[in-house]
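Have a look at coords38.tsv; it's TSV, C-alpha atoms and all ligand atoms:
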```tsv
chain	number	residue	atom	x	y	z
P	1	MET	CA	101.76	119.13	121.86
P	2	ARG	CA	102.71	121.96	119.53
P	3	PHE	CA	102.86	121.36	115.76
P	4	HIS	CA	104.85	124.22	114.11
P	5	SER	CA	103.39	123.55	110.76
P	6	PHE	CA	101.62	124.89	107.77
P	7	ALA	CA	101.15	121.17	107.18
P	8	ILE	CA	98.64	121.01	110.00
P	9	ALA	CA	96.94	124.09	108.61
P	10	ALA	CA	96.30	122.08	105.47
P	11	LEU	CA	94.72	119.25	107.44
P	12	VAL	CA	92.32	121.26	109.56
P	13	ALA	CA	89.65	123.70	108.48
P	14	ILE	CA	91.02	127.09	107.57
P	15	SER	CA	90.53	129.32	110.58
P	16	GLU	CA	88.77	132.67	110.82
P	17	ALA	CA	92.07	134.54	110.50
P	18	THR	CA	91.58	137.72	108.48
P	19	THR	CA	95.00	139.35	108.05
P	20	PRO	CA	95.71	140.34	104.40
P	21	ASP	CA	98.51	137.79	104.28
P	22	VAL	CA	96.28	134.95	105.41
P	23	LEU	CA	93.43	136.05	103.11
P	24	HIS	CA	95.86	136.09	100.19
P	25	ARG	CA	97.11	132.58	101.05
P	26	ASN	CA	93.56	131.28	101.49
P	27	LYS	CA	92.57	132.67	98.09
P	28	ALA	CA	95.61	131.03	96.49
P	29	ARG	CA	94.59	127.71	98.05
P	30	GLN	CA	90.99	128.03	96.82
P	31	ASN	CA	92.24	128.60	93.26
P	32	ALA	CA	94.85	125.84	93.58
P	33	THR	CA	95.44	123.56	90.64
P	34	THR	CA	98.27	121.53	92.17
P	35	ALA	CA	98.75	119.74	95.48
P	36	SER	CA	101.65	122.12	96.23
P	37	GLU	CA	99.37	125.16	95.95
P	38	ARG	CA	96.53	123.51	97.82
P	39	LEU	CA	98.84	122.52	100.69
P	40	GLY	CA	100.62	125.88	100.75
P	41	LEU	CA	104.06	124.43	99.97
P	42	GLU	CA	106.78	126.95	99.19
P	43	TRP	CA	109.52	125.55	96.96
P	44	LEU	CA	113.17	126.47	97.44
P	45	GLY	CA	115.47	126.54	94.42
P	46	GLY	CA	115.13	128.53	91.24
P	47	ASN	CA	114.85	125.83	88.60
P	48	SER	CA	111.23	124.74	88.12
P	49	SER	CA	112.26	121.89	85.78
P	50	LEU	CA	113.98	120.00	88.64
P	51	PRO	CA	112.20	117.25	90.63
P	52	LYS	CA	110.18	118.39	93.64
P	53	VAL	CA	111.00	116.65	96.91
P	54	LEU	CA	108.89	117.37	99.99
P	55	ILE	CA	110.85	117.45	103.26
P	56	LEU	CA	108.81	116.31	106.27
P	57	PHE	CA	110.91	117.51	109.19
P	58	THR	CA	110.56	115.99	112.68
P	59	GLY	CA	113.96	116.87	114.14
P	60	GLY	CA	116.12	114.19	115.82
P	61	THR	CA	119.90	114.05	115.98
P	62	ILE	CA	120.05	115.32	112.40
P	63	SER	CA	119.01	118.71	113.80
P	64	GLY	CA	120.72	118.41	117.19
P	65	GLY	CA	123.90	120.11	118.40
P	66	SER	CA	126.05	119.93	121.55
P	67	ILE	CA	127.48	122.51	123.91
P	68	TYR	CA	130.10	119.95	124.98
P	69	GLY	CA	132.29	120.16	121.88
P	70	ALA	CA	133.08	118.28	118.72
P	71	LEU	CA	133.71	114.90	120.35
P	72	ASP	CA	130.32	114.60	122.02
P	73	ASP	CA	127.95	112.13	120.39
P	74	THR	CA	125.84	111.16	123.41
P	75	GLN	CA	125.01	114.25	125.52
P	76	TYR	CA	123.99	116.64	122.71
P	77	GLY	CA	120.58	118.26	122.21
P	78	GLN	CA	121.12	121.70	123.79
P	79	LEU	CA	121.37	123.30	120.30
P	80	SER	CA	119.19	122.77	117.27
P	81	ILE	CA	118.95	123.68	113.59
P	82	THR	CA	115.94	123.77	111.27
P	83	GLY	CA	115.23	121.89	108.06
P	84	GLU	CA	115.90	125.08	106.09
P	85	THR	CA	119.33	125.36	107.76
P	86	ILE	CA	120.20	121.77	106.88
P	87	ILE	CA	119.29	122.57	103.28
P	88	SER	CA	121.37	125.76	103.30
P	89	ARG	CA	124.43	123.85	104.64
P	90	ASN	CA	124.62	121.90	101.39
P	91	PRO	CA	125.14	123.98	98.21
P	92	TYR	CA	124.54	120.97	95.92
P	93	LEU	CA	120.98	120.14	96.99
P	94	LEU	CA	119.21	122.86	95.03
P	95	ASN	CA	121.32	122.14	91.92
P	96	HIS	CA	119.47	118.82	91.70
P	97	THR	CA	116.04	119.38	93.23
P	98	GLN	CA	113.41	121.83	94.42
P	99	LEU	CA	112.66	121.38	98.11
P	100	ALA	CA	109.78	122.45	100.38
P	101	VAL	CA	109.95	121.99	104.15
P	102	SER	CA	106.91	120.91	106.16
P	103	ASN	CA	107.61	121.04	109.89
P	104	TRP	CA	106.41	118.35	112.28
P	105	THR	CA	108.69	119.16	115.19
P	106	THR	CA	107.32	119.37	118.72
P	107	ASP	CA	108.51	120.60	122.10
P	108	GLY	CA	109.78	117.09	122.79
P	109	ASN	CA	112.92	116.54	120.76
P	110	GLY	CA	113.27	113.92	117.99
P	111	SER	CA	111.77	110.48	118.55
P	112	THR	CA	110.58	111.39	122.04
P	113	GLY	CA	108.47	114.16	120.55
P	114	THR	CA	106.62	111.85	118.17
P	115	ASN	CA	103.48	109.87	118.93
P	116	ASP	CA	100.93	107.88	116.95
P	117	ALA	CA	98.74	110.93	116.23
P	118	LEU	CA	101.65	112.99	114.94
P	119	VAL	CA	103.04	110.30	112.65
P	120	MET	CA	99.57	109.42	111.37
P	121	ASN	CA	98.89	113.10	110.57
P	122	MET	CA	102.26	113.32	108.83
P	123	THR	CA	101.56	110.12	106.88
P	124	ARG	CA	98.16	111.44	105.79
P	125	PHE	CA	99.84	114.66	104.69
P	126	ALA	CA	102.48	112.72	102.72
P	127	HIS	CA	99.75	110.60	101.12
P	128	ASP	CA	97.80	113.71	100.15
P	129	ALA	CA	100.89	115.45	98.75
P	130	LEU	CA	102.20	112.48	96.76
P	131	CYS	CA	99.16	110.40	95.86
P	132	SER	CA	96.33	112.88	95.15
P	133	PRO	CA	95.33	113.32	91.50
P	134	ASP	CA	96.61	116.93	91.60
P	135	SER	CA	100.06	115.92	92.92
P	136	ASP	CA	102.99	117.72	91.28
P	137	ILE	CA	105.55	116.25	93.74
P	138	ASP	CA	108.06	113.53	92.86
P	139	GLY	CA	108.90	112.14	96.27
P	140	ALA	CA	109.30	112.88	99.98
P	141	VAL	CA	111.98	112.64	102.64
P	142	PHE	CA	111.12	112.48	106.32
P	143	THR	CA	113.88	113.40	108.75
P	144	HIS	CA	113.49	111.54	112.02
P	145	GLY	CA	115.12	110.66	115.31
P	146	THR	CA	116.86	107.36	114.65
P	147	ASN	CA	115.42	105.71	117.77
P	148	SER	CA	112.00	105.30	116.18
P	149	LEU	CA	112.77	106.02	112.52
P	150	GLU	CA	111.92	102.44	111.58
P	151	GLU	CA	108.44	102.74	113.12
P	152	THR	CA	107.48	105.74	111.00
P	153	ALA	CA	109.16	104.18	107.95
P	154	PHE	CA	107.09	101.01	108.31
P	155	LEU	CA	103.86	102.96	108.86
P	156	MET	CA	104.53	105.00	105.72
P	157	ASP	CA	105.35	101.83	103.81
P	158	LEU	CA	101.96	100.27	104.60
P	159	LEU	CA	99.94	103.45	103.98
P	160	VAL	CA	101.56	105.52	101.18
P	161	ASN	CA	101.33	103.25	98.18
P	162	CYS	CA	101.14	105.14	94.90
P	163	GLY	CA	104.62	104.15	93.75
P	164	LYS	CA	106.34	107.42	94.64
P	165	PRO	CA	109.30	107.18	97.01
P	166	VAL	CA	109.13	108.22	100.65
P	167	VAL	CA	112.60	108.10	102.23
P	168	GLY	CA	113.54	108.13	105.92
P	169	ALA	CA	116.66	110.11	106.88
P	170	GLY	CA	118.48	110.74	110.13
P	171	ALA	CA	121.88	111.03	111.76
P	172	MET	CA	123.73	109.29	114.56
P	173	ARG	CA	126.02	112.25	115.31
P	174	PRO	CA	125.01	115.87	116.00
P	175	TRP	CA	125.92	118.68	113.61
P	176	THR	CA	128.51	120.00	116.10
P	177	HIS	CA	130.45	116.70	115.86
P	178	LEU	CA	133.73	116.54	113.92
P	179	SER	CA	132.18	113.89	111.71
P	180	PHE	CA	128.47	114.77	111.42
P	181	ASP	CA	126.74	112.14	109.27
P	182	GLY	CA	123.52	114.12	108.80
P	183	ASP	CA	124.54	116.21	105.77
P	184	ALA	CA	125.49	113.16	103.72
P	185	ASN	CA	122.49	111.10	104.85
P	186	PHE	CA	120.18	114.01	104.04
P	187	PHE	CA	121.72	114.61	100.62
P	188	ASP	CA	121.53	110.88	99.76
P	189	SER	CA	117.90	110.72	100.89
P	190	VAL	CA	116.95	113.67	98.70
P	191	MET	CA	118.72	112.13	95.69
P	192	LEU	CA	116.90	108.86	96.38
P	193	ALA	CA	113.48	110.53	96.65
P	194	ALA	CA	114.12	112.48	93.42
P	195	SER	CA	115.18	109.45	91.39
P	196	PRO	CA	112.69	107.74	89.04
P	197	GLU	CA	114.65	104.54	89.80
P	198	SER	CA	113.23	104.62	93.33
P	199	ARG	CA	109.63	104.19	92.23
P	200	ASN	CA	107.56	101.12	93.13
P	201	ARG	CA	109.99	99.92	95.80
P	202	GLY	CA	107.88	100.91	98.83
P	203	ALA	CA	109.18	103.35	101.43
P	204	LEU	CA	112.96	103.47	101.78
P	205	VAL	CA	115.64	104.46	104.26
P	206	ALA	CA	118.97	106.02	103.23
P	207	PHE	CA	121.63	105.64	105.90
P	208	ASN	CA	125.42	105.50	105.86
P	209	ALA	CA	125.51	105.21	102.05
P	210	ARG	CA	123.14	102.23	102.08
P	211	ILE	CA	119.66	101.95	100.60
P	212	LEU	CA	117.29	99.92	102.77
P	213	SER	CA	113.68	98.81	102.47
P	214	ALA	CA	111.45	100.46	105.08
P	215	PHE	CA	109.65	97.14	105.44
P	216	TRP	CA	112.70	95.30	106.75
P	217	VAL	CA	114.83	98.04	108.28
P	218	THR	CA	115.76	98.13	111.96
P	219	LYS	CA	118.24	100.00	114.13
P	220	LEU	CA	120.80	97.35	115.08
P	221	HIS	CA	123.42	99.59	116.66
P	222	SER	CA	122.73	102.24	119.29
P	223	THR	CA	125.72	104.54	118.63
P	224	ASN	CA	127.57	103.61	115.40
P	225	PRO	CA	126.81	105.68	112.25
P	226	ASP	CA	126.27	102.37	110.43
P	227	ALA	CA	123.24	101.77	112.63
P	228	PHE	CA	120.56	100.55	110.21
P	229	TRP	CA	120.32	97.08	108.72
P	230	SER	CA	117.74	94.89	107.15
P	231	THR	CA	116.31	91.89	109.05
P	232	ALA	CA	115.79	90.05	105.73
P	233	GLY	CA	116.49	90.63	102.06
P	234	GLY	CA	119.69	92.68	102.49
P	235	ASP	CA	120.36	96.16	101.13
P	236	LEU	CA	118.48	97.36	98.06
P	237	GLY	CA	121.45	99.37	96.85
P	238	ILE	CA	124.29	101.70	97.66
P	239	PHE	CA	125.19	105.36	97.14
P	240	ILE	CA	128.18	106.00	94.89
P	241	ASN	CA	129.22	109.66	94.67
P	242	SER	CA	125.98	110.22	96.64
P	243	LEU	CA	123.87	108.90	93.76
P	244	PRO	CA	121.63	105.85	94.28
P	245	VAL	CA	122.72	102.62	92.61
P	246	PHE	CA	120.16	99.80	92.94
P	247	PHE	CA	121.12	96.13	92.87
P	248	ASN	CA	117.80	94.79	91.50
P	249	SER	CA	114.73	95.90	89.57
P	250	PRO	CA	111.86	97.26	91.72
P	251	SER	CA	110.08	94.79	93.96
P	252	GLN	CA	108.28	94.80	97.28
P	253	SER	CA	108.04	92.40	100.18
P	254	LEU	CA	105.69	89.44	99.65
P	255	TRP	CA	104.73	89.85	103.31
P	256	LYS	CA	103.50	93.39	102.96
P	257	HIS	CA	99.82	94.34	103.20
P	258	GLU	CA	98.73	97.73	101.88
P	259	PHE	CA	96.15	99.40	104.14
P	260	SER	CA	93.72	102.13	103.07
P	261	ILE	CA	94.55	105.38	104.83
P	262	ALA	CA	90.92	106.54	104.48
P	263	HIS	CA	89.62	103.33	106.08
P	264	VAL	CA	92.13	103.40	108.94
P	265	SER	CA	91.33	107.05	109.61
P	266	ASN	CA	87.67	106.17	110.28
P	267	HIS	CA	88.59	104.36	113.50
P	268	SER	CA	87.46	105.86	116.81
P	269	THR	CA	91.10	106.46	117.87
P	270	TYR	CA	91.53	108.95	114.97
P	271	PRO	CA	93.80	110.89	114.58
P	272	ALA	CA	95.89	108.30	116.46
P	273	LEU	CA	95.81	104.48	116.27
P	274	PRO	CA	94.50	101.76	118.62
P	275	LYS	CA	96.60	101.14	121.72
P	276	VAL	CA	98.89	98.13	121.22
P	277	ASP	CA	101.61	97.27	123.75
P	278	ILE	CA	104.72	95.12	123.44
P	279	LEU	CA	105.74	92.59	126.10
P	280	TYR	CA	109.12	90.84	126.14
P	281	ALA	CA	109.14	87.16	127.12
P	282	ALA	CA	111.82	85.39	129.16
P	283	ARG	CA	111.93	82.57	131.71
P	284	GLU	CA	109.29	83.24	134.43
P	285	PHE	CA	107.23	85.38	132.02
P	286	ASP	CA	104.20	86.57	133.97
P	287	GLY	CA	100.96	86.04	132.00
P	288	LYS	CA	99.23	88.58	134.25
P	289	LEU	CA	101.07	91.28	132.29
P	290	VAL	CA	98.88	90.42	129.30
P	291	LEU	CA	95.72	90.97	131.37
P	292	ASP	CA	97.21	94.17	132.78
P	293	THR	CA	97.61	95.66	129.29
P	294	ARG	CA	93.91	94.96	128.66
P	295	ALA	CA	92.92	96.58	131.96
P	296	ASN	CA	95.06	99.55	130.93
P	297	GLY	CA	93.05	100.06	127.72
P	298	ALA	CA	95.04	98.10	125.15
P	299	ASP	CA	93.22	96.61	122.15
P	300	GLY	CA	96.20	94.49	121.26
P	301	VAL	CA	99.48	93.07	122.53
P	302	VAL	CA	102.57	91.92	120.71
P	303	ILE	CA	104.75	89.50	122.66
P	304	ALA	CA	108.43	89.16	121.78
P	305	GLY	CA	108.50	85.41	122.22
P	306	THR	CA	111.48	83.13	122.73
P	307	GLY	CA	112.98	81.54	119.60
P	308	ASN	CA	110.32	80.64	117.06
P	309	GLY	CA	107.60	82.49	119.00
P	310	GLY	CA	107.49	80.54	122.25
P	311	ILE	CA	105.89	81.86	125.44
P	312	PRO	CA	107.36	80.23	128.57
P	313	ASN	CA	104.08	80.30	130.55
P	314	GLY	CA	100.85	82.24	131.04
P	315	SER	CA	98.55	80.28	128.70
P	316	ALA	CA	95.54	80.61	131.06
P	317	GLN	CA	95.87	84.41	131.21
P	318	ILE	CA	96.41	84.62	127.46
P	319	LYS	CA	93.17	82.69	126.89
P	320	GLU	CA	91.33	84.96	129.31
P	321	ALA	CA	92.70	88.05	127.56
P	322	LEU	CA	91.71	86.72	124.12
P	323	ASP	CA	88.19	85.99	125.43
P	324	SER	CA	87.97	89.60	126.61
P	325	GLY	CA	88.63	90.81	123.04
P	326	LEU	CA	92.35	91.57	123.26
P	327	GLN	CA	94.16	90.70	120.03
P	328	ILE	CA	97.54	89.00	120.43
P	329	VAL	CA	100.45	88.61	118.03
P	330	VAL	CA	103.51	86.61	119.05
P	331	GLY	CA	106.82	87.44	117.40
P	332	THR	CA	110.37	86.55	118.31
P	333	ARG	CA	112.98	88.26	120.43
P	334	SER	CA	115.61	86.85	118.03
P	335	PRO	CA	116.80	89.61	115.67
P	336	TYR	CA	116.55	87.32	112.61
P	337	GLY	CA	114.17	84.60	111.49
P	338	PRO	CA	110.43	84.08	111.74
P	339	SER	CA	107.86	83.32	114.37
P	340	SER	CA	106.08	80.65	112.36
P	341	PRO	CA	102.41	79.61	112.48
P	342	SER	CA	101.01	77.15	115.04
P	343	VAL	CA	98.95	74.18	113.84
P	344	LYS	CA	95.75	75.43	115.52
P	345	PRO	CA	96.13	79.13	116.26
P	346	SER	CA	94.18	81.14	118.80
P	347	TYR	CA	96.41	84.19	118.25
P	348	ALA	CA	98.62	85.29	115.37
P	349	LYS	CA	102.30	84.51	114.96
P	350	SER	CA	104.15	87.43	113.37
P	351	GLY	CA	105.95	85.54	110.59
P	352	PHE	CA	108.98	87.52	109.41
P	353	LEU	CA	107.79	90.79	110.94
P	354	HIS	CA	109.70	91.56	114.05
P	355	VAL	CA	107.91	92.91	117.06
P	356	ILE	CA	108.32	96.65	116.42
P	357	GLN	CA	106.77	96.31	112.98
P	358	ALA	CA	104.20	93.74	114.19
P	359	ARG	CA	102.87	96.30	116.68
P	360	ILE	CA	102.17	98.77	113.86
P	361	MET	CA	100.60	96.14	111.61
P	362	LEU	CA	98.34	95.04	114.47
P	363	GLN	CA	97.34	98.66	115.08
P	364	LEU	CA	96.42	99.06	111.42
P	365	ALA	CA	94.57	95.73	111.41
P	366	ILE	CA	92.45	96.75	114.40
P	367	ALA	CA	91.87	100.23	112.96
P	368	SER	CA	90.70	98.55	109.72
P	369	GLY	CA	88.09	96.59	111.69
P	370	MET	CA	89.76	93.17	111.59
P	371	GLY	CA	88.97	90.68	114.38
P	372	MET	CA	91.40	88.09	115.78
P	373	ASN	CA	90.76	85.50	113.04
P	374	GLU	CA	91.22	88.04	110.25
P	375	THR	CA	94.38	89.25	111.95
P	376	ILE	CA	95.68	85.67	112.03
P	377	GLY	CA	94.98	85.48	108.29
P	378	LEU	CA	96.74	88.82	107.76
P	379	PHE	CA	99.93	87.82	109.56
P	380	GLU	CA	100.00	84.10	108.69
P	381	GLY	CA	98.11	83.60	105.42
P	382	ARG	CA	101.01	83.76	103.00
P	383	PHE	CA	103.29	81.84	105.36
P	384	ARG	CA	100.75	79.03	105.70
P	385	THR	CA	100.31	78.81	101.94
P	386	ALA	CA	104.08	78.66	101.46
P	387	ILE	CA	104.49	75.76	103.92
P	388	GLY	CA	101.27	73.95	102.95
P	389	GLN	CA	99.67	74.46	106.35
P	390	GLU	CA	96.36	76.13	105.57
P	391	TRP	CA	93.98	76.91	108.40
P	392	THR	CA	90.26	77.64	108.52
P	393	PRO	CA	88.82	79.34	111.61
P	394	GLY	CA	86.65	77.00	113.69
P	395	ARG	CA	88.34	73.77	112.51
C	1	LIG	N1	117.67	110.80	120.38
C	1	LIG	C1	117.58	110.68	119.00
C	1	LIG	C2	116.17	110.40	118.57
C	1	LIG	O1	115.39	111.29	118.61
C	1	LIG	C3	118.52	109.73	118.41
C	1	LIG	C4	118.75	110.07	117.01
C	1	LIG	O2	118.04	110.81	116.38
C	1	LIG	O3	119.72	109.53	116.46
C	1	LIG	O4	115.82	109.31	118.17
```
I need this file expressed as C-alpha cells, please.
Ligand code: ASP
Amino acid sequence: MRFHSFAIAALVAISEATTPDVLHRNKARQNATTASERLGLEWLGGNSSLPKVLILFTGGTISGGSIYGALDDTQYGQLSITGETIISRNPYLLNHTQLAVSNWTTDGNGSTGTNDALVMNMTRFAHDALCSPDSDIDGAVFTHGTNSLEETAFLMDLLVNCGKPVVGAGAMRPWTHLSFDGDANFFDSVMLAASPESRNRGALVAFNARILSAFWVTKLHSTNPDAFWSTAGGDLGIFINSLPVFFNSPSQSLWKHEFSIAHVSNHSTYPALPKVDILYAAREFDGKLVLDTRANGADGVVIAGTGNGGIPNGSAQIKEALDSGLQIVVGTRSPYGPSSPSVKPSYAKSGFLHVIQARIMLQLAIASGMGMNETIGLFEGRFRTAIGQEWTPGR
C-alpha cells in the first residue's frame, strides 16, 4: 500500500533524508510551537484570522470522474482529481476558512483502498492535530468513499473526543456528472467543521444538505444522492444557504463509549485492529461458519441476527467458539431497532448499534483488552439498567 502523505511522515521517525529542503522542514518541525508546524501542515488561504480546517483526503467518488460522459454515475473512476483541485473548484471556501490537505489516498480507489491500518493511522493523525495541547486547528473534514464512510466516521467518533468537530464528506456522483454533489457536500462539511456550533456533538457527517451524527449514520441507498440516514435519533440539523443550522443544543449518544487511542494503539495488531468478521443469519444458518472465522484468525465475530438478535441454529458451534476465546456480538439484520439483552448472556447483544458499527466497537473492545464479560457489559450495560435487567457474570 502506498500512502502519498506528509501525514505519514509526521507519524514515523524522520528519515535520514539530507536535501536542503528536507533539512529546512525538519528544522521547522523541531522548533514548532503549534501542531500545524509540528505536523508540517501548509495552510491555503491568505487570511490567518479565519478558522483552520484540516482536510483528510482519502479519495472516493468525490474525486472520481468518468470517460463515459455526463450521465454516467455507475461506471466512473477512470479520471481523478486531488483535494487541492476540489478546493480550487470552489471560490467561496477560502473566504471562510484556511484549509490544509493531508493525503491518505492509495493505489486502490476510494473505500476499496482503505483498510483498518490506514483509517487507524488517519484517526491517530486527526487526534494529534485536533486534540494535542499545541493544537491550533478548529476542526477536520475527511473525504471518503461513501461505501465505507460510516465505518471511518464511527471509528473517529469513538476515538477523537476533545469536542472539536470531525466531519465525513463524500459524493454519490462523479465530478464529470451533470449534477455532481461533491462540491456542495464538501463546502457544507467545511462550514460544519469550522463552526463553533458543531463542538461537543461527536463526529458528524454532512450529506445532501443534512447534518447527521457519525454514531448513528448509515448508507441506506446505494445510488441516490440522498444516501445517508440515521438509524435512530434523526438528523441533527440542516444546511440553509450552505450554513449549518442545528435543531438542538449539543448532545451525544447515551450508547457511546469513548476509547483511549493510546490504549488501543498498544494492541499487538497495531497499527491495525483485531480481526473481527461479520456473518449474516438466515434460515439454515450454518454454525460452522462461526468456527471457520476462528480458524481463519478472527478474534471476534458479529452476527447480523434475525429480528431482535435471533440466531436460527448453531448454538453448539457458538459455544465451542466462545470456549476457544472468540468474542461474539449478535446484532440485527433489521435496519432499525435494537438487538436487546438476553436474560443470561454468554455473548453480547449489540443493543442499538447495528452490525457495521458493532464490528468496530468489538474491535476497539478487544484492542483495549476487554474479555467477553467486559464486552457484554460494554454493549449491554446501559440497556440493562434502562430495562431493569441487571446481570452479574457467573450468576
Ligand atoms: N466506490 C465509491 C467508494 O469508494 C463509492 C463512493 O464513493 O460513493 O466508496
Would you pick out the contacts of stretch 285-290 of chain P at 7 Å or less, using only C-alpha atoms, so that residues sharing its chain but fewer than 2 positions from it are not included, and give the list as a PyMOL selection string?
chain P and resi 281-283+292-294+312-314+317-318+321
Show me, as JSON lines, the residues of chain P having an atom within 10 Å of ligand LIG 1 (chain C), each with the closest atom pair and its distance in Å, using only C-alpha atoms and all ligand atoms.
```
{"residue": "P:Thr58", "atom": "CA", "partner": "C:LIG1", "partner_atom": "O1", "distance": 9.0}
{"residue": "P:Gly59", "atom": "CA", "partner": "C:LIG1", "partner_atom": "O1", "distance": 7.3}
{"residue": "P:Gly60", "atom": "CA", "partner": "C:LIG1", "partner_atom": "O2", "distance": 3.9}
{"residue": "P:Thr61", "atom": "CA", "partner": "C:LIG1", "partner_atom": "O2", "distance": 3.8}
{"residue": "P:Ile62", "atom": "CA", "partner": "C:LIG1", "partner_atom": "O2", "distance": 6.3}
{"residue": "P:Ser63", "atom": "CA", "partner": "C:LIG1", "partner_atom": "O2", "distance": 8.4}
{"residue": "P:Gly64", "atom": "CA", "partner": "C:LIG1", "partner_atom": "O2", "distance": 8.1}
{"residue": "P:Asp73", "atom": "CA", "partner": "C:LIG1", "partner_atom": "O3", "distance": 9.5}
{"residue": "P:Thr74", "atom": "CA", "partner": "C:LIG1", "partner_atom": "N1", "distance": 8.7}
{"residue": "P:Gln75", "atom": "CA", "partner": "C:LIG1", "partner_atom": "N1", "distance": 9.6}
{"residue": "P:Tyr76", "atom": "CA", "partner": "C:LIG1", "partner_atom": "N1", "distance": 8.9}
{"residue": "P:Gly77", "atom": "CA", "partner": "C:LIG1", "partner_atom": "N1", "distance": 8.2}
{"residue": "P:Gly108", "atom": "CA", "partner": "C:LIG1", "partner_atom": "O1", "distance": 9.1}
{"residue": "P:Asn109", "atom": "CA", "partner": "C:LIG1", "partner_atom": "O1", "distance": 6.2}
{"residue": "P:Gly110", "atom": "CA", "partner": "C:LIG1", "partner_atom": "O1", "distance": 3.4}
{"residue": "P:Ser111", "atom": "CA", "partner": "C:LIG1", "partner_atom": "O1", "distance": 3.7}
{"residue": "P:Thr112", "atom": "CA", "partner": "C:LIG1", "partner_atom": "O1", "distance": 5.9}
{"residue": "P:Gly113", "atom": "CA", "partner": "C:LIG1", "partner_atom": "O1", "distance": 7.7}
{"residue": "P:Thr114", "atom": "CA", "partner": "C:LIG1", "partner_atom": "O1", "distance": 8.8}
{"residue": "P:Thr143", "atom": "CA", "partner": "C:LIG1", "partner_atom": "O2", "distance": 9.1}
{"residue": "P:His144", "atom": "CA", "partner": "C:LIG1", "partner_atom": "O2", "distance": 6.3}
{"residue": "P:Gly145", "atom": "CA", "partner": "C:LIG1", "partner_atom": "O2", "distance": 3.1}
{"residue": "P:Thr146", "atom": "CA", "partner": "C:LIG1", "partner_atom": "O3", "distance": 4.0}
{"residue": "P:Asn147", "atom": "CA", "partner": "C:LIG1", "partner_atom": "O4", "distance": 3.6}
{"residue": "P:Ser148", "atom": "CA", "partner": "C:LIG1", "partner_atom": "O4", "distance": 5.9}
{"residue": "P:Leu149", "atom": "CA", "partner": "C:LIG1", "partner_atom": "O4", "distance": 7.2}
{"residue": "P:Ala169", "atom": "CA", "partner": "C:LIG1", "partner_atom": "O2", "distance": 9.6}
{"residue": "P:Gly170", "atom": "CA", "partner": "C:LIG1", "partner_atom": "O2", "distance": 6.3}
{"residue": "P:Ala171", "atom": "CA", "partner": "C:LIG1", "partner_atom": "O3", "distance": 5.4}
{"residue": "P:Met172", "atom": "CA", "partner": "C:LIG1", "partner_atom": "O3", "distance": 4.4}
{"residue": "P:Arg173", "atom": "CA", "partner": "C:LIG1", "partner_atom": "O3", "distance": 7.0}
{"residue": "P:Pro174", "atom": "CA", "partner": "C:LIG1", "partner_atom": "O3", "distance": 8.3}
{"residue": "P:Gly182", "atom": "CA", "partner": "C:LIG1", "partner_atom": "O3", "distance": 9.7}
{"residue": "P:Lys219", "atom": "CA", "partner": "C:LIG1", "partner_atom": "O3", "distance": 9.9}
{"residue": "P:Ser222", "atom": "CA", "partner": "C:LIG1", "partner_atom": "O3", "distance": 8.4}
{"residue": "P:Thr223", "atom": "CA", "partner": "C:LIG1", "partner_atom": "O3", "distance": 8.1}
{"residue": "P:Asn224", "atom": "CA", "partner": "C:LIG1", "partner_atom": "O3", "distance": 9.9}
{"residue": "P:Pro225", "atom": "CA", "partner": "C:LIG1", "partner_atom": "O3", "distance": 9.1}
{"residue": "P:Ala227", "atom": "CA", "partner": "C:LIG1", "partner_atom": "O3", "distance": 9.3}
```
Compile a residue-level contact table for stretch 231-268 of chain P against stretch 376-383 of chain P at a cut-off of 9 Å, reporting for every qualifying residue the shortest atom pair and its distance in Å to one decimal, with all atoms listed in the file counted, rows ordered by chain and ascending number, as a Markdown table.
```
| residue | atom | partner | partner_atom | distance |
| --- | --- | --- | --- | --- |
| P:Leu254 | CA | P:Arg382 | CA | 8.1 |
| P:Trp255 | CA | P:Arg382 | CA | 7.1 |
| P:His257 | CA | P:Leu378 | CA | 7.8 |
```
May I have the protein, DNA and RNA residues with an atom at most 12 Å from (113.8, 90.9, 94.6), counting only C-alpha atoms in the file's coordinates, returned as an NGL selection string?
:P and (201 or 213 or 232-237 or 246-254)
Long-range neighbours of P:Glu258 as JSON, numbers by chain, 10 Å cut-off, all atoms listed in the file, 6 positions minimum in chain
{"P": [157, 158, 159, 160, 161, 364]}
Name the residues in contact with P:Pro244 at a cut-off of 10 Å, using only C-alpha atoms, excluding same-chain residues fewer than 4 positions from it; report them as an NGL selection string.
:P and (188-189 or 191-193 or 195 or 197-198 or 206 or 209-211 or 236-240)
So, counting only C-alpha atoms, which residue among P:Leu130, P:Leu212, P:Val167, P:Ala117 is closest to P:Val245?
P:Leu212
Would you please work out which residue, of P:Ser48, P:Ser324, P:Thr176, P:Ser315, is nearest to P:Ile81 when using only C-alpha atoms?
P:Thr176
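The shortest atom-to-atom distance to P:Ser36, with only C-alpha atoms taken into account, belongs to P:Ala129 out of P:Ile55, P:Val355, P:Ala129, P:Ile328.
Comparing P:Thr34, P:Gln363, P:Leu54, P:Thr306 by their smallest distance to P:Phe259, the closest is P:Gln363 (using all atoms listed in the file).
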So how many Å separate atom CA of P:Leu56 and atom CA of P:Ala140, to one decimal?
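The value is 7.2 Å.
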Hey, can you check how far atom CA of P:Ser268 sits from atom CA of P:Met370?
13.9 Å
What separation in Å, quoted to one decimal, exists between atom CA of P:Leu291 and atom CA of P:Tyr347?
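Atom CA of P:Leu291 sits 14.8 Å away from atom CA of P:Tyr347.
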I want to know what sits within 7 Å of P:Trp229, based on only C-alpha atoms, with residues of the same chain fewer than 4 positions away left out; could you give that as a compact mmCIF listing (two decimals) with C-alpha atoms, keeping the file's coordinate frame?
```
# COMPACT_ATOMS: atom_id res chain seq x y z
CA VAL P 217 114.83 98.04 108.28
CA THR P 218 115.76 98.13 111.96
CA LYS P 219 118.24 100.00 114.13
CA LEU P 220 120.80 97.35 115.08
```
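Of the listed residues P:Gly300, P:Pro345, P:Gly369, P:Gly202, the one whose atoms come nearest to P:Gly163 is P:Gly202, with distances taken using only C-alpha atoms.
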Restricting to all atoms listed in the file, whichever of P:Ile67, P:Val302, P:Met372, P:Ala367 is closest to P:Ser339 is P:Val302
